[in-house]
Structures are given as C-alpha cells and as structure tokens.
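Structure, as structure tokens:
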Amino acid sequence: MSSGILKEEVDIVIPTIRNLDFLEKWRPFFEGFHLIIVQDGDPSKVIKVPQGFDYDLYNRNDINRILGPKAHIISFLDGACRCFGFLLSKKKYIFTIDDDCFVAKDPSGKEINALQQHIENLQTPSTPFFFNTLYDPYREGADFVRGYPFSLREGVPTVVSHGLWLNIPDYDAPTQLVKPLERNTRYVDAVMTIPKGALFPMCAMNLAFNRELIGPAMYFGLMGDGQPIGRYDDMWAGWCMKGLCYKLCLPYLWHNKASNPFVNLKKEFKGLFWQEELIPFFQSVSLPKDCTTAQKCYIELSKQVKAKFGKVDEYFNKLADAMVIWIEAWDELNPSGA
C-alpha cells in the first residue's frame, strides 16, 4: 500500500469557522493529500490555511451556487455542513476530522498516523456475523480463534472506520455537566468490528469511510441554524447505516477543546427525547429486497422516517424530504453512481 496510491484515493474533509492553524500539527501526515474545507458561517470571512497544503475551500456562497434550490439541505452553523464535501469529492475514501483535533501519541510516545490506520481498517475486511475474541483477525499478531467458522473467515468489505479520542471525550451535554473535568486517558490497542445489527453513536470528528460503497447514505441531516436540533448529525448518519460494516477503536487522536455544555444542551434538548423513539425504530427497520443500491435504500428509509415520525414533529417531514433531495443532488453531481 504505497502513499502515492493513497493520495490519489483519499480526500480529507474539514468543516470549520476559523483559521486552520491546527493543520501544522498534521503536516507530516496530511501534506500531499487533497483537502476539502467546508467553511461554515459568514462567507465573507477569510479563512487562512497554512502554506503547502493542496485544498479546495467552499463557503455558503459556493454551496448556493453549486446546489441552487437544493442548497437548503446543507446545514448552516453546524458541523453537519461537512457532508457537502462528501458530495463533491470524487475519491474512493473520505477521512473527516474536526479543527480542534490534533495528533495523539501511543503509549510509547510515538505520534499516531490516524489517516494511515483508517485506510488500513477500510482495506481489510470486517467480521460482523461472528465475534472474534482476538478482535480484528487481520491485524499483525492476531488471527481467528479456535471455533471461528471457516465459512465466515473471508469477511466482508469494511465501509466505515471509526476512531476514538484521547483527552476530551465525546459526551452529550448532561454528561458534560456532571463530569466537567473528566478526560479519557485510556489507549486501547485494538480494532474490532461492530456486530451486525448493533447501533452505536457515530462521531464524525475522527471518521473515515469508503465513499464508493456508502457515500450516498452519508447525509448528516438538517441541523443547526433554523432547525430544532443540533449535534445529532453524525449519529443520524450512523443510525441510517445500521447493519453495515464498521471497524471501531484505533486510530486515536487528541481532542483538545470541550464545547460549552449549556450551548450543547440547547442544541440537544429535543434529541434527548426523540432518540428514545428513534433508536427502537432503527433497531427494527427493514428494507425491501429490491433496494439494491445505497440510493434506493436511503429513499426507502426516508419514506419510513416520514411515516413513523412525521406526526411526532414537522421537522421529520422536512428531514425526510431533505433525504430525498440529497440523493437527487448526489446523482446529479455523481452521474456514474456509487
């Protein structure tokens, strides 16, 4: 796996409202890769990017110009705007990271190349149908344990690699309020597959995925300005992709900035109630066998969301409509399909 091949296959997507000085810390690992920067907030503000990086920067004016009447599906004043970068990319793999995340070190003190670990996760199979007690059997020094079915040892393609964070954990507002000083110092040297059908709260601050296989389903919903909910964008996308093949744990990065829990509580408030109904829905949802592409699956899912939750709040009717428009925009910008 040469870095030259990787650079032609990977886009790094970063949503931001500020100057990207943090990229200096990532220079040894990101330089030579293409960045897609999605500027949130005031489009007249000039975002400074350190010299030497290959990047395209898009702001709200660009979103309006490229998507026209469909532009409202891209959230404003919320990290969910990053999915505009997913829409425009033409690469096989996407790595997305937040601008308050820095290079972490493993217990030996060595800096972690998060991008390389993500790609290794995505290029090796997942084992969602039968749990291996040595975790990822494809890592060096591991294998399938005694009793693991030989018929399942080829695994299936991995579509998502979900990394974790040292320092500031990804907590919701109530947990932030009761544990304001808690920090994650535990480094677990493991990669594991999420079992088939299991849901988990996907976090986009350290995430990579195979865009060719799952890109159309990587919509982060309607969040932020003008919406009754925020901070559920990445989790919404993760729930929609239930049953697909995720690898979890490595790589770690260093999450440096804790967001304001009172601001977060205002954003999350309705979601804290809605998630208690949404999660059972996603646990039981099924799709017809004629849904044979990510696009068809997502359109069908939008119909079920509208039927189930349209009466709970008008927001879900808007969200379901936006899911359909997202697929229309995806097909227009990616005419060969995914």
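The way I read the labels, and the way they are meant: chains A, B, ... in the order of the structure tokens, residue 1 as the first residue of every chain, and ligand 1 as the first ligand shown, with later ones counted on from there.
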
Segment 124-305 of chain A: which residues are strand (DSSP E) by DSSP, as a CSV table (one decimal) with all heavy atoms, in the first residue's frame?
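So part09.csv came out as:
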chain,number,residue,atom,x,y,z
A,160,VAL,N,-16.9,1.7,7.0
A,160,VAL,CA,-16.6,2.8,7.9
A,160,VAL,C,-15.5,2.4,8.9
A,160,VAL,O,-15.5,1.3,9.4
A,160,VAL,CB,-17.9,3.2,8.7
A,160,VAL,CG1,-17.6,4.3,9.7
A,160,VAL,CG2,-19.0,3.7,7.7
A,161,SER,N,-14.6,3.3,9.1
A,161,SER,CA,-13.6,3.2,10.1
A,161,SER,C,-13.8,4.3,11.1
A,161,SER,O,-13.7,5.5,10.8
A,161,SER,CB,-12.2,3.3,9.6
A,161,SER,OG,-11.2,3.3,10.6
A,162,HIS,N,-14.1,4.0,12.4
A,162,HIS,CA,-14.5,5.0,13.4
A,162,HIS,C,-13.4,5.0,14.5
A,162,HIS,O,-13.2,4.1,15.3
A,162,HIS,CB,-15.8,4.5,14.0
A,162,HIS,CG,-16.4,5.5,15.0
A,162,HIS,ND1,-15.9,5.8,16.2
A,162,HIS,CD2,-17.5,6.4,14.8
A,162,HIS,CE1,-16.6,6.7,16.8
A,162,HIS,NE2,-17.6,7.1,16.0
A,163,GLY,N,-12.6,6.1,14.5
A,163,GLY,CA,-11.6,6.3,15.5
A,163,GLY,C,-12.1,6.9,16.8
A,163,GLY,O,-13.3,7.4,16.9
A,164,LEU,N,-11.3,6.9,17.8
A,164,LEU,CA,-11.7,7.5,19.1
A,164,LEU,C,-10.8,8.6,19.5
A,164,LEU,O,-10.0,9.1,18.7
A,164,LEU,CB,-11.6,6.4,20.2
A,164,LEU,CG,-12.6,5.2,20.0
A,164,LEU,CD1,-12.4,4.1,21.1
A,164,LEU,CD2,-14.0,5.7,19.9
A,165,TRP,N,-10.9,9.1,20.7
A,165,TRP,CA,-10.3,10.4,21.1
A,165,TRP,C,-9.6,10.2,22.5
A,165,TRP,O,-10.2,9.6,23.4
A,165,TRP,CB,-11.3,11.5,21.2
A,165,TRP,CG,-12.5,11.1,20.4
A,165,TRP,CD1,-12.8,11.4,19.1
A,165,TRP,CD2,-13.7,10.4,20.9
A,165,TRP,NE1,-14.0,10.9,18.7
A,165,TRP,CE2,-14.6,10.3,19.8
A,165,TRP,CE3,-14.0,9.8,22.1
A,165,TRP,CZ2,-15.8,9.6,19.9
A,165,TRP,CZ3,-15.2,9.1,22.2
A,165,TRP,CH2,-16.1,9.0,21.1
A,166,LEU,N,-8.4,10.7,22.7
A,166,LEU,CA,-7.8,11.0,24.0
A,166,LEU,C,-8.1,12.4,24.4
A,166,LEU,O,-8.4,13.3,23.6
A,166,LEU,CB,-6.3,10.7,23.9
A,166,LEU,CG,-5.9,9.3,23.6
A,166,LEU,CD1,-4.4,9.3,23.3
A,166,LEU,CD2,-6.3,8.3,24.7
A,167,ASN,N,-8.1,12.6,25.7
A,167,ASN,CA,-8.3,13.9,26.3
A,167,ASN,C,-9.8,14.2,26.5
A,167,ASN,O,-10.5,13.5,27.3
A,167,ASN,CB,-7.6,15.0,25.6
A,167,ASN,CG,-7.5,16.3,26.5
A,167,ASN,OD1,-7.4,16.2,27.7
A,167,ASN,ND2,-7.6,17.4,25.8
A,191,VAL,N,-8.6,-3.1,17.4
A,191,VAL,CA,-9.6,-2.8,16.3
A,191,VAL,C,-10.7,-3.9,16.3
A,191,VAL,O,-10.3,-5.1,16.4
A,191,VAL,CB,-9.0,-2.7,14.9
A,191,VAL,CG1,-10.0,-2.4,13.8
A,191,VAL,CG2,-7.9,-1.6,14.9
A,192,MET,N,-11.9,-3.5,16.3
A,192,MET,CA,-13.0,-4.5,16.4
A,192,MET,C,-14.1,-4.1,15.4
A,192,MET,O,-14.3,-3.0,15.1
A,192,MET,CB,-13.5,-4.7,17.8
A,192,MET,CG,-14.2,-3.4,18.4
A,192,MET,SD,-14.5,-3.6,20.1
A,192,MET,CE,-12.9,-3.4,20.8
A,193,THR,N,-14.8,-5.2,15.0
A,193,THR,CA,-16.0,-5.0,14.1
A,193,THR,C,-17.2,-4.8,15.0
A,193,THR,O,-17.5,-5.6,15.9
A,193,THR,CB,-16.1,-6.1,13.2
A,193,THR,OG1,-15.0,-6.2,12.3
A,193,THR,CG2,-17.4,-6.0,12.3
A,206,ASN,N,-13.5,12.0,13.9
A,206,ASN,CA,-12.3,11.1,13.6
A,206,ASN,C,-12.9,9.9,12.9
A,206,ASN,O,-13.0,8.8,13.4
A,206,ASN,CB,-11.6,10.7,14.9
A,206,ASN,CG,-10.4,9.7,14.7
A,206,ASN,OD1,-9.9,9.6,13.6
A,206,ASN,ND2,-10.0,9.1,15.7
A,207,LEU,N,-13.3,10.1,11.6
A,207,LEU,CA,-14.1,9.1,10.9
A,207,LEU,C,-13.6,9.0,9.4
A,207,LEU,O,-13.2,10.0,8.8
A,207,LEU,CB,-15.5,9.6,10.9
A,207,LEU,CG,-16.6,8.7,10.3
A,207,LEU,CD1,-16.8,7.5,11.2
A,207,LEU,CD2,-17.9,9.4,10.0
A,208,ALA,N,-13.6,7.8,8.9
A,208,ALA,CA,-13.2,7.6,7.5
A,208,ALA,C,-14.2,6.6,7.0
A,208,ALA,O,-14.8,5.7,7.7
A,208,ALA,CB,-11.8,7.0,7.4
A,209,PHE,N,-14.5,6.7,5.6
A,209,PHE,CA,-15.4,5.7,5.0
A,209,PHE,C,-15.1,5.5,3.6
A,209,PHE,O,-14.4,6.3,2.9
A,209,PHE,CB,-16.9,6.2,5.2
A,209,PHE,CG,-17.2,7.5,4.6
A,209,PHE,CD1,-17.8,7.6,3.3
A,209,PHE,CD2,-17.1,8.7,5.3
A,209,PHE,CE1,-18.1,8.8,2.7
A,209,PHE,CE2,-17.4,9.9,4.7
A,209,PHE,CZ,-17.9,10.0,3.5
A,210,ASN,N,-15.6,4.4,3.0
A,210,ASN,CA,-15.5,4.1,1.6
A,210,ASN,C,-16.6,4.8,0.9
A,210,ASN,O,-17.8,4.4,0.9
A,210,ASN,CB,-15.6,2.6,1.4
A,210,ASN,CG,-15.3,2.2,0.0
A,210,ASN,OD1,-15.7,2.9,-0.9
A,210,ASN,ND2,-14.6,1.1,-0.2
A,246,TYR,N,-18.6,-1.8,10.2
A,246,TYR,CA,-17.8,-0.7,10.8
A,246,TYR,C,-16.7,-1.4,11.5
A,246,TYR,O,-16.8,-2.4,12.2
A,246,TYR,CB,-18.6,0.0,11.8
A,246,TYR,CG,-19.9,0.7,11.4
A,246,TYR,CD1,-21.0,0.1,11.2
A,246,TYR,CD2,-19.8,2.1,11.2
A,246,TYR,CE1,-22.2,0.7,10.8
A,246,TYR,CE2,-21.0,2.8,10.9
A,246,TYR,CZ,-22.2,2.1,10.7
A,246,TYR,OH,-23.3,2.8,10.3
A,247,LYS,N,-15.5,-0.7,11.5
A,247,LYS,CA,-14.4,-1.0,12.4
A,247,LYS,C,-14.3,0.1,13.4
A,247,LYS,O,-14.4,1.3,13.0
A,247,LYS,CB,-13.1,-1.3,11.7
A,247,LYS,CG,-13.1,-2.6,11.0
A,247,LYS,CD,-11.7,-3.0,10.5
A,247,LYS,CE,-11.7,-4.4,9.9
A,247,LYS,NZ,-10.4,-4.8,9.4
A,248,LEU,N,-14.0,-0.2,14.6
A,248,LEU,CA,-14.0,0.8,15.7
A,248,LEU,C,-12.8,0.7,16.6
A,248,LEU,O,-12.2,-0.4,16.8
A,248,LEU,CB,-15.3,0.5,16.6
A,248,LEU,CG,-15.4,1.3,17.9
A,248,LEU,CD1,-15.8,2.7,17.5
A,248,LEU,CD2,-16.5,0.7,18.8
A,249,CYS,N,-12.4,1.8,17.1
A,249,CYS,CA,-11.3,2.0,18.2
A,249,CYS,C,-10.2,2.7,17.6
A,249,CYS,O,-10.1,3.9,17.5
A,249,CYS,CB,-10.9,0.7,18.9
A,249,CYS,SG,-10.1,1.0,20.4
A,250,LEU,N,-9.1,2.0,17.1
A,250,LEU,CA,-8.0,2.7,16.5
A,250,LEU,C,-8.4,3.3,15.2
A,250,LEU,O,-9.2,2.7,14.4
A,250,LEU,CB,-6.8,1.7,16.3
A,250,LEU,CG,-6.2,1.1,17.5
A,250,LEU,CD1,-5.0,0.2,17.1
A,250,LEU,CD2,-5.7,2.1,18.5
A,251,PRO,N,-7.9,4.5,14.8
A,251,PRO,CA,-6.9,5.2,15.5
A,251,PRO,C,-7.4,6.3,16.5
A,251,PRO,O,-8.6,6.6,16.4
A,251,PRO,CB,-6.2,6.0,14.3
A,251,PRO,CG,-7.4,6.3,13.4
A,251,PRO,CD,-8.3,5.0,13.5
A,252,TYR,N,-6.6,6.7,17.4
A,252,TYR,CA,-6.9,7.7,18.3
A,252,TYR,C,-6.4,9.1,17.8
A,252,TYR,O,-5.4,9.1,17.1
A,252,TYR,CB,-6.2,7.5,19.7
A,252,TYR,CG,-7.0,6.5,20.5
A,252,TYR,CD1,-6.7,5.1,20.4
A,252,TYR,CD2,-7.9,6.9,21.5
A,252,TYR,CE1,-7.4,4.2,21.2
A,252,TYR,CE2,-8.5,6.0,22.3
A,252,TYR,CZ,-8.3,4.6,22.2
A,252,TYR,OH,-8.9,3.7,22.9
A,253,LEU,N,-7.0,10.1,18.2
A,253,LEU,CA,-6.5,11.5,18.0
A,253,LEU,C,-6.7,12.2,19.4
A,253,LEU,O,-7.3,11.7,20.3
A,253,LEU,CB,-7.1,12.2,16.9
A,253,LEU,CG,-8.6,12.3,16.6
A,253,LEU,CD1,-9.3,13.0,17.7
A,253,LEU,CD2,-8.9,12.9,15.3
A,254,TRP,N,-6.1,13.4,19.5
A,254,TRP,CA,-6.2,14.2,20.7
A,254,TRP,C,-7.2,15.3,20.5
A,254,TRP,O,-7.1,16.2,19.7
A,254,TRP,CB,-4.8,14.8,21.0
A,254,TRP,CG,-4.7,15.6,22.3
A,254,TRP,CD1,-5.0,16.9,22.5
A,254,TRP,CD2,-4.4,15.1,23.6
A,254,TRP,NE1,-4.8,17.3,23.8
A,254,TRP,CE2,-4.5,16.1,24.5
A,254,TRP,CE3,-4.1,13.8,24.0
A,254,TRP,CZ2,-4.2,16.0,25.8
A,254,TRP,CZ3,-3.8,13.6,25.4
A,254,TRP,CH2,-3.9,14.7,26.3
A,255,HIS,N,-8.3,15.2,21.2
A,255,HIS,CA,-9.4,16.2,21.1
A,255,HIS,C,-9.2,17.2,22.2
A,255,HIS,O,-9.2,17.0,23.4
A,255,HIS,CB,-10.8,15.5,21.4
A,255,HIS,CG,-12.0,16.4,21.2
A,255,HIS,ND1,-13.1,16.2,21.9
A,255,HIS,CD2,-12.1,17.5,20.4
A,255,HIS,CE1,-14.0,17.1,21.6
A,255,HIS,NE2,-13.4,17.9,20.7

May I have the residues within 12 Å of Val263 of chain A as an NGL selection string, using only C-alpha atoms and disregarding those fewer than 5 positions away in the same chain? :A and (172-174 or 176-177 or 224 or 229-231 or 258 or 268-269)

Nearby residues (only C-alpha atoms) at most 8 Å from Glu212 of chain A, same-chain spacing under 3 positions excluded, as a PyMOL selection string: chain A and resi 91-93+215+338

Distance query Gly32 of chain A at most 12 Å, only C-alpha atoms, self and fewer than 3 positions along chain excluded, as a ChimeraX atom specification: /A:3-12,26-29,35,51-55

List every residue of segment 46-128 of chain A that has an atom at most 10 Å from any atom of segment 311-323 of chain A, and for each one report the closest atom pair and its distance in Å to one decimal, counting only C-alpha atoms, with rows sorted by chain and then by increasing residue number, as a Markdown table.
| residue | atom | partner | partner_atom | distance |
| --- | --- | --- | --- | --- |
| A:Lys70 | CA | A:Ala322 | CA | 8.6 |
| A:His72 | CA | A:Ala322 | CA | 8.3 |
| A:Ile73 | CA | A:Ala322 | CA | 5.6 |
| A:Ile74 | CA | A:Ala322 | CA | 9.0 |

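One finds atom CA of Trp326 of chain A at 7.2 Å from atom CA of Tyr219 of chain A.
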
Just asking: which residues within segment 180-314 of chain A are alpha helix (DSSP H) according to DSSP, as a PyMOL selection string? chain A and resi 211-214+233-240+261-284+294-309+314

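Residues in contact range of Arg146 of chain A, defined as at most 10 Å between only C-alpha atoms, with sequence neighbours fewer than 3 positions away removed, read A:Asn132, A:Thr133, A:Asp143, A:Pro149.
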
Just the residues within 7 Å of Ala80 of chain A, please, counting only C-alpha atoms, with nothing from its chain fewer than 4 positions along; format it as a list in words. Ser75, Phe220, Met223 and Asp233 of chain A

Please produce a file of those selected residues containing N, CA and C atoms, as an mmCIF file, in the first residue's frame.
data_model
loop_
_atom_site.group_PDB
_atom_site.id
_atom_site.type_symbol
_atom_site.label_atom_id
_atom_site.label_comp_id
_atom_site.auth_asym_id
_atom_site.auth_seq_id
_atom_site.Cartn_x
_atom_site.Cartn_y
_atom_site.Cartn_z
ATOM 1 N N SER A 75 -26.671 21.893 6.119
ATOM 2 C CA SER A 75 -26.890 22.620 7.369
ATOM 3 C C SER A 75 -25.988 23.837 7.465
ATOM 4 N N PHE A 220 -25.787 14.081 6.646
ATOM 5 C CA PHE A 220 -25.787 14.436 8.063
ATOM 6 C C PHE A 220 -27.018 15.234 8.476
ATOM 7 N N MET A 223 -29.498 20.246 10.516
ATOM 8 C CA MET A 223 -29.093 20.588 11.876
ATOM 9 C C MET A 223 -28.756 22.078 11.942
ATOM 10 N N ASP A 233 -26.086 15.125 13.979
ATOM 11 C CA ASP A 233 -25.858 14.939 12.553
ATOM 12 C C ASP A 233 -25.136 13.640 12.234
#

I'd like the interatomic distance between atom CA of Pro169 of chain A and atom CA of Asn113 of chain A, to a tenth of an Å.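 Answer for the atom CA of Pro169 of chain A to atom CA of Asn113 of chain A separation: 19.7 Å.
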
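We find atom CA of Cys203 of chain A and atom CA of Asp170 of chain A to be spaced 7.7 Å apart.
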
So which residues touch segment 195-202 of chain A within 9 Å, counting only C-alpha atoms, skipping near sequence neighbours fewer than 2 positions away, as number ranges by chain? A: 127-131, 162, 193, 204, 207, 234-239, 242-246, 279, 282-283
